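A.B. asks: Got a structure for you, input.txt, holding compact mmCIF, C-alpha atoms and all ligand atoms.
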```txt
# COMPACT_ATOMS: atom_id res chain seq x y z
CA MET A 150 -109.50 73.82 -72.26
CA THR A 151 -108.23 73.95 -68.70
CA ILE A 152 -106.93 70.70 -67.26
CA LEU A 153 -106.21 69.99 -63.60
CA ILE A 154 -103.33 67.55 -63.22
CA THR A 155 -103.04 65.92 -59.81
CA GLY A 156 -99.55 64.58 -59.16
CA GLY A 157 -98.43 66.80 -62.03
CA ASN A 158 -95.08 67.41 -60.38
CA GLY A 159 -94.21 63.70 -60.46
CA PHE A 160 -92.49 61.67 -63.16
CA ILE A 161 -95.30 60.94 -65.62
CA GLY A 162 -97.38 63.96 -64.54
CA SER A 163 -94.65 66.51 -65.26
CA HIS A 164 -94.01 65.11 -68.75
CA THR A 165 -97.75 65.11 -69.43
CA THR A 166 -97.95 68.72 -68.26
CA VAL A 167 -95.29 69.63 -70.86
CA ALA A 168 -97.15 67.71 -73.59
CA LEU A 169 -100.47 69.38 -72.77
CA ILE A 170 -99.00 72.87 -72.69
CA ASP A 171 -97.20 72.24 -75.98
CA ALA A 172 -100.61 71.22 -77.41
CA GLY A 173 -102.19 74.49 -76.26
CA TYR A 174 -104.03 73.44 -73.09
CA ASP A 175 -104.08 75.50 -69.91
CA VAL A 176 -102.83 73.40 -67.03
CA ILE A 177 -103.05 73.62 -63.25
CA VAL A 178 -100.76 71.29 -61.36
CA VAL A 179 -101.78 70.03 -57.91
CA ASP A 180 -99.23 68.10 -55.88
CA ASN A 181 -98.33 67.73 -52.20
CA LEU A 182 -94.65 67.00 -53.04
CA ALA A 183 -94.82 63.66 -51.19
CA ASN A 184 -92.67 62.06 -53.89
CA SER A 185 -91.32 64.89 -56.03
CA HIS A 186 -89.11 67.96 -55.92
CA PRO A 187 -90.24 71.58 -56.44
CA LYS A 188 -87.61 71.88 -59.17
CA ALA A 189 -89.68 69.62 -61.44
CA ILE A 190 -92.31 72.32 -61.98
CA GLU A 191 -89.53 74.87 -62.53
CA ALA A 192 -88.13 72.60 -65.24
CA VAL A 193 -91.60 72.35 -66.80
CA ARG A 194 -91.80 76.16 -66.87
CA THR A 195 -88.34 76.44 -68.41
CA ILE A 196 -89.07 73.85 -71.09
CA THR A 197 -92.50 75.25 -72.02
CA GLN A 198 -91.60 78.92 -71.44
CA ARG A 199 -94.98 79.29 -69.73
CA PRO A 200 -95.96 80.34 -66.19
CA VAL A 201 -97.61 77.01 -65.28
CA ALA A 202 -99.94 77.27 -62.26
CA PHE A 203 -98.86 75.12 -59.32
CA GLU A 204 -101.01 74.55 -56.23
CA ARG A 205 -99.54 72.68 -53.30
CA ALA A 206 -102.51 70.63 -52.12
CA ASP A 207 -103.30 67.14 -50.89
CA ILE A 208 -105.92 65.10 -52.75
CA ARG A 209 -106.98 63.52 -49.46
CA ARG A 210 -108.23 66.90 -48.20
CA SER A 211 -111.48 68.07 -49.75
CA GLU A 212 -111.06 71.66 -48.52
CA GLU A 213 -107.71 71.92 -50.30
CA LEU A 214 -109.19 70.56 -53.53
CA ASP A 215 -112.25 72.82 -53.24
CA ARG A 216 -109.94 75.81 -53.01
CA VAL A 217 -108.38 74.88 -56.35
CA PHE A 218 -111.70 74.08 -58.05
CA ASP A 219 -113.10 77.40 -56.80
CA ALA A 220 -110.14 79.34 -58.16
CA PHE A 221 -110.06 77.87 -61.69
CA ASP A 222 -112.62 76.97 -64.31
CA ILE A 223 -111.65 73.34 -64.82
CA ASP A 224 -112.83 71.26 -67.79
CA ALA A 225 -111.12 67.93 -67.06
CA VAL A 226 -108.88 66.23 -64.52
CA ILE A 227 -105.93 63.92 -65.11
CA HIS A 228 -105.38 62.06 -61.86
CA PHE A 229 -101.80 60.86 -61.36
CA ALA A 230 -101.42 61.52 -57.62
CA ALA A 231 -100.87 58.22 -55.86
CA LEU A 232 -98.37 56.13 -53.96
CA LYS A 233 -96.77 53.62 -56.31
CA SER A 234 -94.28 51.26 -54.68
CA VAL A 235 -95.33 47.60 -54.71
CA GLU A 236 -92.87 46.74 -51.90
CA GLU A 237 -93.84 49.69 -49.70
CA SER A 238 -97.53 48.91 -50.15
CA ALA A 239 -96.99 45.51 -48.50
CA ASP A 240 -95.40 47.20 -45.44
CA ASP A 241 -97.85 50.09 -45.21
CA PRO A 242 -101.10 49.13 -46.96
CA LEU A 243 -103.27 51.66 -45.11
CA SER A 244 -101.35 54.62 -46.54
CA TYR A 245 -101.88 53.14 -49.99
CA TYR A 246 -105.62 52.70 -49.52
CA GLU A 247 -105.85 56.18 -47.99
CA THR A 248 -104.16 57.92 -50.92
CA ASN A 249 -105.06 55.71 -53.86
CA VAL A 250 -108.66 54.84 -52.99
CA ALA A 251 -109.93 57.34 -50.40
CA GLY A 252 -107.99 60.13 -52.17
CA LEU A 253 -109.69 59.26 -55.47
CA LEU A 254 -113.10 59.29 -53.75
CA THR A 255 -112.38 62.73 -52.27
CA LEU A 256 -111.37 64.00 -55.71
CA ILE A 257 -114.46 62.54 -57.43
CA GLN A 258 -116.78 64.08 -54.83
CA CYS A 259 -115.08 67.43 -55.33
CA MET A 260 -115.41 67.12 -59.12
CA ARG A 261 -119.12 66.36 -58.67
CA ARG A 262 -119.61 69.43 -56.46
CA HIS A 263 -117.98 71.55 -59.18
CA GLU A 264 -119.73 69.80 -62.08
CA VAL A 265 -116.56 68.53 -63.69
CA SER A 266 -117.14 65.09 -65.22
CA ASN A 267 -114.15 64.39 -67.48
CA LEU A 268 -111.44 62.25 -65.88
CA VAL A 269 -108.32 60.45 -67.07
CA PHE A 270 -107.16 58.01 -64.41
CA SER A 271 -103.68 56.48 -63.95
CA SER A 272 -104.02 52.78 -63.46
CA SER A 273 -101.34 50.16 -63.79
CA ALA A 274 -100.43 46.81 -65.32
CA ALA A 275 -100.19 45.76 -61.65
CA VAL A 276 -103.96 45.12 -61.79
CA TYR A 277 -103.25 42.04 -63.93
CA GLY A 278 -101.08 40.46 -61.23
CA ASP A 279 -99.35 37.24 -62.24
CA CYS A 280 -101.14 37.13 -65.55
CA ILE A 281 -99.38 34.67 -67.82
CA ASP A 282 -99.63 34.16 -71.56
CA PRO A 283 -98.80 37.64 -72.91
CA PRO A 284 -99.70 39.87 -74.64
CA ILE A 285 -102.22 41.02 -72.05
CA ASP A 286 -105.35 42.78 -73.28
CA GLU A 287 -107.78 44.84 -71.24
CA ASP A 288 -110.34 42.03 -70.90
CA ARG A 289 -108.10 39.82 -68.81
CA ARG A 290 -109.28 39.06 -65.29
CA LEU A 291 -107.90 41.49 -62.73
CA GLU A 292 -105.93 39.51 -60.16
CA PRO A 293 -103.59 41.98 -58.47
CA THR A 294 -101.05 40.37 -56.15
CA SER A 295 -99.97 43.42 -54.10
CA PRO A 296 -101.80 45.97 -51.97
CA TYR A 297 -100.69 48.59 -54.54
CA GLY A 298 -102.27 46.62 -57.39
CA ARG A 299 -105.43 46.09 -55.33
CA THR A 300 -105.77 49.84 -54.69
CA LYS A 301 -105.70 50.42 -58.44
CA ALA A 302 -108.22 47.63 -59.10
CA MET A 303 -110.46 49.06 -56.37
CA ALA A 304 -110.18 52.55 -57.84
CA GLU A 305 -111.17 51.14 -61.22
CA ALA A 306 -114.21 49.44 -59.66
CA LEU A 307 -115.24 52.71 -58.02
CA LEU A 308 -114.99 54.55 -61.34
CA THR A 309 -116.86 51.79 -63.18
CA ASP A 310 -119.78 51.99 -60.72
CA LEU A 311 -119.78 55.78 -60.94
CA ALA A 312 -119.88 55.81 -64.76
CA ALA A 313 -122.66 53.20 -64.75
CA SER A 314 -124.74 55.31 -62.39
CA GLN A 315 -124.44 58.67 -64.20
CA SER A 316 -124.06 59.02 -67.95
CA ALA A 317 -122.52 62.49 -67.66
CA TRP A 318 -119.14 61.03 -66.74
CA ASN A 319 -116.38 60.56 -69.32
CA ILE A 320 -113.67 58.41 -67.76
CA SER A 321 -110.58 57.03 -69.40
CA ILE A 322 -108.70 54.44 -67.34
CA LEU A 323 -105.13 54.12 -68.59
CA ARG A 324 -103.17 51.05 -67.48
CA TYR A 325 -99.51 51.93 -67.87
CA PHE A 326 -96.82 49.32 -68.24
CA ASN A 327 -93.24 50.28 -67.15
CA ALA A 328 -92.63 54.01 -67.57
CA VAL A 329 -89.02 54.94 -68.40
CA GLY A 330 -87.04 57.64 -70.21
CA ALA A 331 -86.93 61.38 -69.67
CA HIS A 332 -87.58 64.62 -71.55
CA ARG A 333 -85.26 64.94 -74.53
CA SER A 334 -83.90 68.23 -73.14
CA GLY A 335 -82.26 66.30 -70.29
CA GLN A 336 -83.78 68.80 -67.83
CA LEU A 337 -86.81 66.77 -66.73
CA GLY A 338 -86.78 63.16 -65.57
CA GLU A 339 -87.59 60.78 -62.74
CA SER A 340 -86.66 62.40 -59.40
CA PRO A 341 -88.43 60.57 -56.58
CA LYS A 342 -87.75 60.85 -52.86
CA GLY A 343 -85.10 58.21 -52.15
CA VAL A 344 -83.35 55.99 -54.67
CA PRO A 345 -85.41 54.85 -57.67
CA ARG A 346 -85.57 51.06 -57.71
CA ASN A 347 -86.56 50.31 -61.28
CA LEU A 348 -84.21 48.92 -63.91
CA LEU A 349 -83.26 51.93 -66.05
CA PRO A 350 -82.30 54.28 -63.19
CA ALA A 351 -80.39 51.36 -61.64
CA LEU A 352 -78.47 50.93 -64.92
CA GLY A 353 -77.77 54.65 -64.98
CA ARG A 354 -76.36 54.53 -61.46
CA VAL A 355 -73.94 51.75 -62.46
CA ALA A 356 -72.93 53.59 -65.66
CA LEU A 357 -72.24 56.72 -63.59
CA GLY A 358 -70.14 54.75 -61.10
CA ILE A 359 -72.53 55.45 -58.18
CA ASP A 360 -73.20 51.70 -57.80
CA ASP A 361 -70.59 49.03 -58.51
CA GLY A 362 -72.79 46.69 -60.49
CA LEU A 363 -76.29 45.50 -61.18
CA ILE A 364 -77.97 42.46 -59.66
CA VAL A 365 -79.96 40.42 -62.16
CA ASN A 366 -82.54 38.33 -60.32
CA GLY A 367 -82.88 35.11 -62.27
CA THR A 368 -81.61 34.03 -65.66
CA ASP A 369 -83.41 30.69 -65.50
CA TYR A 370 -86.87 31.84 -66.57
CA ASP A 371 -88.61 30.32 -69.56
CA THR A 372 -87.69 33.23 -71.84
CA PRO A 373 -85.23 33.29 -74.80
CA ASP A 374 -82.26 34.50 -72.70
CA GLY A 375 -83.57 33.34 -69.30
CA SER A 376 -84.09 36.85 -67.83
CA CYS A 377 -87.46 38.51 -67.20
CA ILE A 378 -89.17 40.40 -70.02
CA ARG A 379 -91.00 43.67 -69.45
CA ASP A 380 -92.90 46.13 -71.62
CA TYR A 381 -91.05 49.42 -71.15
CA ILE A 382 -92.69 52.56 -72.44
CA HIS A 383 -91.11 55.97 -72.95
CA VAL A 384 -92.64 58.62 -70.70
CA ALA A 385 -93.05 60.91 -73.74
CA ASP A 386 -95.27 58.25 -75.36
CA LEU A 387 -97.27 57.94 -72.14
CA ALA A 388 -97.63 61.73 -71.93
CA ARG A 389 -98.98 61.83 -75.49
CA GLY A 390 -101.40 59.03 -74.59
CA HIS A 391 -103.14 61.41 -72.17
CA LEU A 392 -103.72 63.95 -74.94
CA HIS A 393 -105.33 61.23 -77.02
CA ALA A 394 -107.45 60.15 -74.04
CA LEU A 395 -108.76 63.72 -73.56
CA GLU A 396 -109.46 64.10 -77.26
CA GLY A 397 -111.11 60.65 -77.26
CA PHE A 398 -113.90 61.81 -74.94
CA GLU A 399 -115.77 63.30 -77.91
CA LYS A 400 -116.01 60.01 -79.77
CA HIS A 401 -115.88 57.55 -76.89
CA GLY A 402 -117.91 58.83 -73.94
CA GLY A 403 -118.65 56.91 -70.75
CA LEU A 404 -115.92 54.74 -69.24
CA ASN A 405 -113.18 53.20 -71.35
CA THR A 406 -110.08 51.28 -70.32
CA TYR A 407 -106.84 51.23 -72.29
CA ASN A 408 -103.45 49.59 -71.90
CA LEU A 409 -100.60 51.98 -72.62
CA GLY A 410 -97.54 49.93 -73.48
CA CYS A 411 -95.26 49.27 -76.44
CA GLY A 412 -96.70 45.83 -77.07
CA ARG A 413 -93.14 44.58 -77.21
CA GLY A 414 -91.04 43.30 -74.36
CA TYR A 415 -87.32 43.61 -73.64
CA SER A 416 -85.47 41.21 -71.39
CA VAL A 417 -83.28 42.43 -68.55
CA LEU A 418 -80.19 41.28 -70.46
CA GLU A 419 -81.31 43.02 -73.67
CA THR A 420 -81.95 46.19 -71.69
CA ILE A 421 -78.49 46.07 -70.14
CA GLU A 422 -76.95 45.80 -73.61
CA ALA A 423 -79.09 48.68 -74.90
CA PHE A 424 -78.01 50.86 -71.99
CA GLU A 425 -74.36 50.00 -72.60
CA ARG A 426 -74.75 51.13 -76.22
CA ALA A 427 -76.53 54.36 -75.20
CA SER A 428 -74.04 55.29 -72.48
CA GLY A 429 -70.83 53.86 -73.95
CA LYS A 430 -70.19 52.36 -70.48
CA ALA A 431 -69.80 48.74 -69.48
CA ILE A 432 -72.45 47.58 -66.99
CA PRO A 433 -71.08 44.78 -64.80
CA PHE A 434 -73.76 42.54 -63.30
CA THR A 435 -74.12 39.59 -60.96
CA VAL A 436 -76.79 36.94 -61.38
CA LYS A 437 -78.70 36.09 -58.21
CA ALA A 438 -81.74 34.01 -57.38
CA ARG A 439 -85.20 34.92 -58.63
CA ARG A 440 -87.17 37.42 -56.55
CA PRO A 441 -90.42 36.06 -55.14
CA GLY A 442 -93.37 37.40 -57.11
CA ASP A 443 -91.50 38.22 -60.33
CA ILE A 444 -93.23 36.81 -63.40
CA PRO A 445 -91.27 35.77 -66.53
CA GLU A 446 -92.95 38.07 -68.99
CA SER A 447 -95.31 41.06 -68.91
CA VAL A 448 -96.19 42.55 -72.28
CA SER A 449 -99.24 44.59 -73.24
CA ASP A 450 -101.65 44.30 -76.08
CA ALA A 451 -102.20 48.01 -76.66
CA SER A 452 -104.23 47.67 -79.85
CA ARG A 453 -107.43 49.05 -78.29
CA ALA A 454 -105.74 52.42 -77.66
CA GLU A 455 -104.58 52.44 -81.27
CA ARG A 456 -108.02 51.53 -82.61
CA ASP A 457 -110.08 53.95 -80.44
CA LEU A 458 -107.66 56.77 -79.72
CA GLY A 459 -105.22 56.62 -82.63
CA TRP A 460 -102.35 56.28 -80.17
CA ARG A 461 -99.39 53.98 -80.37
CA ALA A 462 -95.96 54.05 -78.76
CA GLU A 463 -93.25 55.48 -81.00
CA TYR A 464 -90.04 55.16 -79.03
CA ALA A 465 -88.01 51.95 -78.82
CA ILE A 466 -85.51 50.88 -76.18
CA GLU A 467 -82.64 52.88 -77.77
CA ALA A 468 -84.41 56.22 -77.18
CA MET A 469 -85.59 55.14 -73.71
CA CYS A 470 -81.98 54.43 -72.70
CA ALA A 471 -80.48 57.47 -74.44
CA ASP A 472 -82.95 59.89 -72.83
CA THR A 473 -82.59 58.29 -69.37
CA TRP A 474 -78.81 58.55 -69.72
CA ARG A 475 -78.90 62.22 -70.83
CA TRP A 476 -81.05 63.08 -67.79
CA MET A 477 -78.98 61.06 -65.33
CA ARG A 478 -75.68 62.50 -66.54
CA SER A 479 -76.98 65.98 -65.69
CA PHE A 480 -78.88 64.98 -62.54
CA PRO A 481 -77.25 61.78 -61.18
CA HIS A 482 -79.29 61.93 -57.96
CA GLY A 483 -82.33 63.73 -59.33
CA TYR A 484 -82.90 67.39 -58.46
CA ASP A 485 -81.72 67.09 -54.85
CA ALA A 486 -78.00 66.93 -55.54
CA ARG A 487 -78.11 70.05 -57.71
CA ALA A 488 -79.75 72.13 -54.97
N1 LIG B 501 -94.09 54.95 -63.08
C1 LIG B 501 -94.67 53.86 -63.56
O1 LIG B 501 -94.01 53.00 -64.20
C2 LIG B 501 -96.15 53.62 -63.36
C3 LIG B 501 -96.71 52.43 -63.87
C4 LIG B 501 -98.07 52.22 -63.70
C5 LIG B 501 -98.87 53.17 -63.07
N2 LIG B 501 -98.30 54.30 -62.57
C6 LIG B 501 -99.19 55.28 -61.91
O2 LIG B 501 -99.01 56.53 -62.55
C7 LIG B 501 -99.18 57.60 -61.62
C8 LIG B 501 -97.96 58.50 -61.68
O3 LIG B 501 -96.80 57.73 -61.43
P1 LIG B 501 -95.35 58.39 -61.38
O4 LIG B 501 -94.39 57.34 -61.77
O5 LIG B 501 -95.37 59.69 -62.09
O6 LIG B 501 -95.23 58.61 -59.80
P2 LIG B 501 -94.64 59.86 -58.98
O7 LIG B 501 -94.51 59.41 -57.57
O8 LIG B 501 -93.42 60.38 -59.67
O9 LIG B 501 -95.79 60.93 -59.12
C9 LIG B 501 -96.90 60.98 -58.25
C10 LIG B 501 -97.04 62.40 -57.75
O10 LIG B 501 -98.18 62.45 -56.88
C11 LIG B 501 -97.85 63.23 -55.76
N3 LIG B 501 -98.71 62.81 -54.64
C12 LIG B 501 -98.66 61.67 -53.92
N4 LIG B 501 -99.60 61.67 -52.97
C13 LIG B 501 -100.28 62.83 -53.12
C14 LIG B 501 -101.37 63.43 -52.41
N5 LIG B 501 -101.95 62.81 -51.36
N6 LIG B 501 -101.80 64.65 -52.80
C15 LIG B 501 -101.23 65.28 -53.85
N7 LIG B 501 -100.19 64.78 -54.52
C16 LIG B 501 -99.72 63.56 -54.16
C17 LIG B 501 -96.37 62.97 -55.51
O11 LIG B 501 -95.74 64.02 -54.79
C18 LIG B 501 -95.84 62.87 -56.93
O12 LIG B 501 -95.39 64.12 -57.42
C19 LIG B 501 -99.42 56.94 -60.28
O13 LIG B 501 -100.82 56.89 -60.06
C20 LIG B 501 -98.86 55.54 -60.46
O14 LIG B 501 -99.50 54.62 -59.61
C21 LIG B 501 -96.96 54.55 -62.71
```
Give the structure from this file in structure tokens form.
Ligand SMILES: NC(=O)c1ccc[n+]([C@@H]2O[C@H](COP(=O)([O-])OP(=O)(O)OC[C@H]3O[C@@H](n4cnc5c(N)ncnc54)[C@H](O)[C@@H]3O)[C@@H](O)[C@H]2O)c1

C.D. replies:
Amino acid sequence: MTILITGGNGFIGSHTTVALIDAGYDVIVVDNLANSHPKAIEAVRTITQRPVAFERADIRRSEELDRVFDAFDIDAVIHFAALKSVEESADDPLSYYETNVAGLLTLIQCMRRHEVSNLVFSSSAAVYGDCIDPPIDEDRRLEPTSPYGRTKAMAEALLTDLAASQSAWNISILRYFNAVGAHRSGQLGESPKGVPRNLLPALGRVALGIDDGLIVNGTDYDTPDGSCIRDYIHVADLARGHLHALEGFEKHGGLNTYNLGCGRGYSVLETIEAFERASGKAIPFTVKARRPGDIPESVSDASRAERDLGWRAEYAIEAMCADTWRWMRSFPHGYDARA
């Protein structure tokens, strides 16, 4: 089978490309490099030892997508390409709606023109918003609290209406929790434009001596150690989840929605300790006030993916930290600094 992967040069997309190629799929990567470095696809080629097709194209432009669909015989699409910063989406919502909603519509119309009706879509736990009382299953009300989360909820609504209107579509909506880790080779990892803001890269920067210390926002939450709890999931587990989603189309047609998470949360303080063990470095931190909008605990119930797709996360926090650390030791600033 030939799979088109939009955003396949990005963090989760590049790891999924490796997993698909390792499983014997043919892959075409489409990316406009808005948030990734050309060296990512080179790393994918080195790891897989395969000449992976890369097309620089923008999902917002139908003529660029048509060119790719005309050139290859595509069986299914995995759609990662999106803008993903919650903070940035509050400052620049229109760009988020343009890429994450209008871009999806452009892609779907192009798929329809080319009679491709199998789609795996990257959604996010952000659609649940301030959902309390974890673990969170897929039937919870969607109450996103950011423009980013609302673009994902809107995209899901679009796909739901589409699947209801035409039975030919097979659509798997995957709601990821917090993607972390890197490829075990240490050659492929998270390399966004700018400084990554999430916890594990921030820990890596302190361990490397790039930053002096970490700021922990709030240790007075109603959690066992007072710091926030999140469901981190290794990017290799996420990548494998996409294989299961593609294979699941045979048994579970139409539209299906799955959480991809570990189903287990780690607090910020537990994660700091785990990173200290993985890196052998002390991580100094300062406790500051809570950040507005942070919820105490976000943990998935991922049992539907296990039941329907036979998928469950395998890696625990130790491997997530060890693999992030291996990558960051080789590429402290992502691919840019090694140019
Ligand atoms: N990283 C996470 O923890 C997380 C959690 C939940 C959901 N997601 C979703 O998963 C998907 C992938 O996330 P990621 O962490 O790999 O992000 P990423 O930014 O590393 O990857 C996205 C890729 O899409 C590309 N892209 C952006 N706009 C494009 C456009 N208009 N045309 C073509 N390519 C474009 C970027 O250059 C980048 O390579 C996104 O849809 C994101 O919203 C990520």

A.B. asks: Quick one: residues within 10 Å of stretch 162-177 of chain A, only C-alpha atoms counted, chain neighbours fewer than 5 positions away excluded, as a PyMOL selection string?

C.D. replies: chain A and resi 150-157+185+189-190+192-194+196-204+217+221+223-230+271+331-332+337-339+384-392

A.B. asks: Separation of atom CA of A:Ile364 and atom CA of A:Cys411, in Å?

C.D. replies: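 It comes out at 25.0 Å.
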
A.B. asks: List as number ranges by chain the protein and nucleic acid residues near A:Met260, meaning an atom at most 9 Å away when all atoms listed in the file are counted, but skip any in the same chain fewer than 6 places from it.

C.D. replies: A: 215, 218, 226, 266-267

A.B. asks: Within 7 Å of ligand LIG 501 (chain B), which residues of chain A show up? Give each one with its shortest atom-to-atom distance in Å (one decimal) and the two atoms involved, counting only C-alpha atoms and all ligand atoms, rows by chain then rising residue number, as a Markdown table.

C.D. replies:
```
| residue | atom | partner | partner_atom | distance |
| --- | --- | --- | --- | --- |
| A:Thr155 | CA | B:LIG501 | N7 | 6.1 |
| A:Gly156 | CA | B:LIG501 | O10 | 3.4 |
| A:Gly157 | CA | B:LIG501 | O12 | 6.1 |
| A:Asn158 | CA | B:LIG501 | O12 | 4.4 |
| A:Gly159 | CA | B:LIG501 | O12 | 3.3 |
| A:Phe160 | CA | B:LIG501 | O5 | 3.7 |
| A:Ile161 | CA | B:LIG501 | O5 | 3.7 |
| A:Gly162 | CA | B:LIG501 | O5 | 5.3 |
| A:Val179 | CA | B:LIG501 | C15 | 6.3 |
| A:Asp180 | CA | B:LIG501 | N7 | 3.7 |
| A:Asn181 | CA | B:LIG501 | C15 | 4.1 |
| A:Leu182 | CA | B:LIG501 | O11 | 3.6 |
| A:Ala183 | CA | B:LIG501 | O11 | 3.7 |
| A:Asn184 | CA | B:LIG501 | O11 | 3.8 |
| A:Ser185 | CA | B:LIG501 | O12 | 4.4 |
| A:Ala206 | CA | B:LIG501 | C15 | 5.8 |
| A:Asp207 | CA | B:LIG501 | N6 | 3.5 |
| A:Ile208 | CA | B:LIG501 | N6 | 4.1 |
| A:Arg209 | CA | B:LIG501 | N5 | 5.4 |
| A:Phe229 | CA | B:LIG501 | C7 | 4.2 |
| A:Ala230 | CA | B:LIG501 | O10 | 3.5 |
| A:Ala231 | CA | B:LIG501 | O13 | 4.4 |
| A:Leu232 | CA | B:LIG501 | C12 | 5.5 |
| A:Lys233 | CA | B:LIG501 | O14 | 4.4 |
| A:Thr248 | CA | B:LIG501 | N5 | 5.4 |
| A:Gly252 | CA | B:LIG501 | N5 | 6.7 |
| A:Ser271 | CA | B:LIG501 | O13 | 4.8 |
| A:Ser272 | CA | B:LIG501 | C5 | 5.2 |
| A:Ser273 | CA | B:LIG501 | C4 | 3.9 |
| A:Ala274 | CA | B:LIG501 | C4 | 6.1 |
| A:Arg324 | CA | B:LIG501 | C4 | 6.5 |
| A:Tyr325 | CA | B:LIG501 | C4 | 4.4 |
| A:Phe326 | CA | B:LIG501 | C3 | 5.4 |
| A:Asn327 | CA | B:LIG501 | O1 | 4.1 |
| A:Ala328 | CA | B:LIG501 | O1 | 3.8 |
| A:Val329 | CA | B:LIG501 | O1 | 6.8 |
| A:Glu339 | CA | B:LIG501 | O8 | 6.6 |
| A:Pro341 | CA | B:LIG501 | O8 | 5.9 |
```

A.B. asks: List the neighbours of A:Pro445 out to 8 Å using all atoms listed in the file; skip same-chain residues closer than 6 positions along the sequence, and give me the result as number ranges by chain.

C.D. replies: A: 370-372, 376-378

A.B. asks: With only C-alpha atoms as the basis for distance, which of A:Pro296, A:Gly278, A:Pro283, A:Gly459 is at the shortest distance from A:Asp240?

C.D. replies: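 With only C-alpha atoms as the atom set, the closest residue is A:Pro296.
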
A.B. asks: Which residue out of A:Leu357, A:Ala306, A:Leu323, A:Ala462 has the minimum interatomic distance to A:Tyr407 when all atoms listed in the file are used?

C.D. replies: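 Between A:Leu357, A:Ala306, A:Leu323, A:Ala462, the residue approaching A:Tyr407 most closely is A:Leu323.
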
A.B. asks: Which of these residues is nearest to A:Leu268, using all atoms listed in the file: A:Val436, A:Ala471, A:Asp286, A:Ile322?

C.D. replies: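 The closest residue to A:Leu268 is A:Ile322.
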
A.B. asks: In terms of the shortest atom-to-atom distance over only C-alpha atoms, which of A:Asp361, A:Asp457, A:Glu247, A:Asp222 is closest to A:His401?

C.D. replies: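 Of A:Asp361, A:Asp457, A:Glu247, A:Asp222, the one nearest A:His401 is A:Asp457, counting only C-alpha atoms.
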
A.B. asks: So how many Å separate atom CA of A:Leu409 and atom CA of A:Ala275, to one decimal?

C.D. replies: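 Those two atoms sit 12.6 Å apart.
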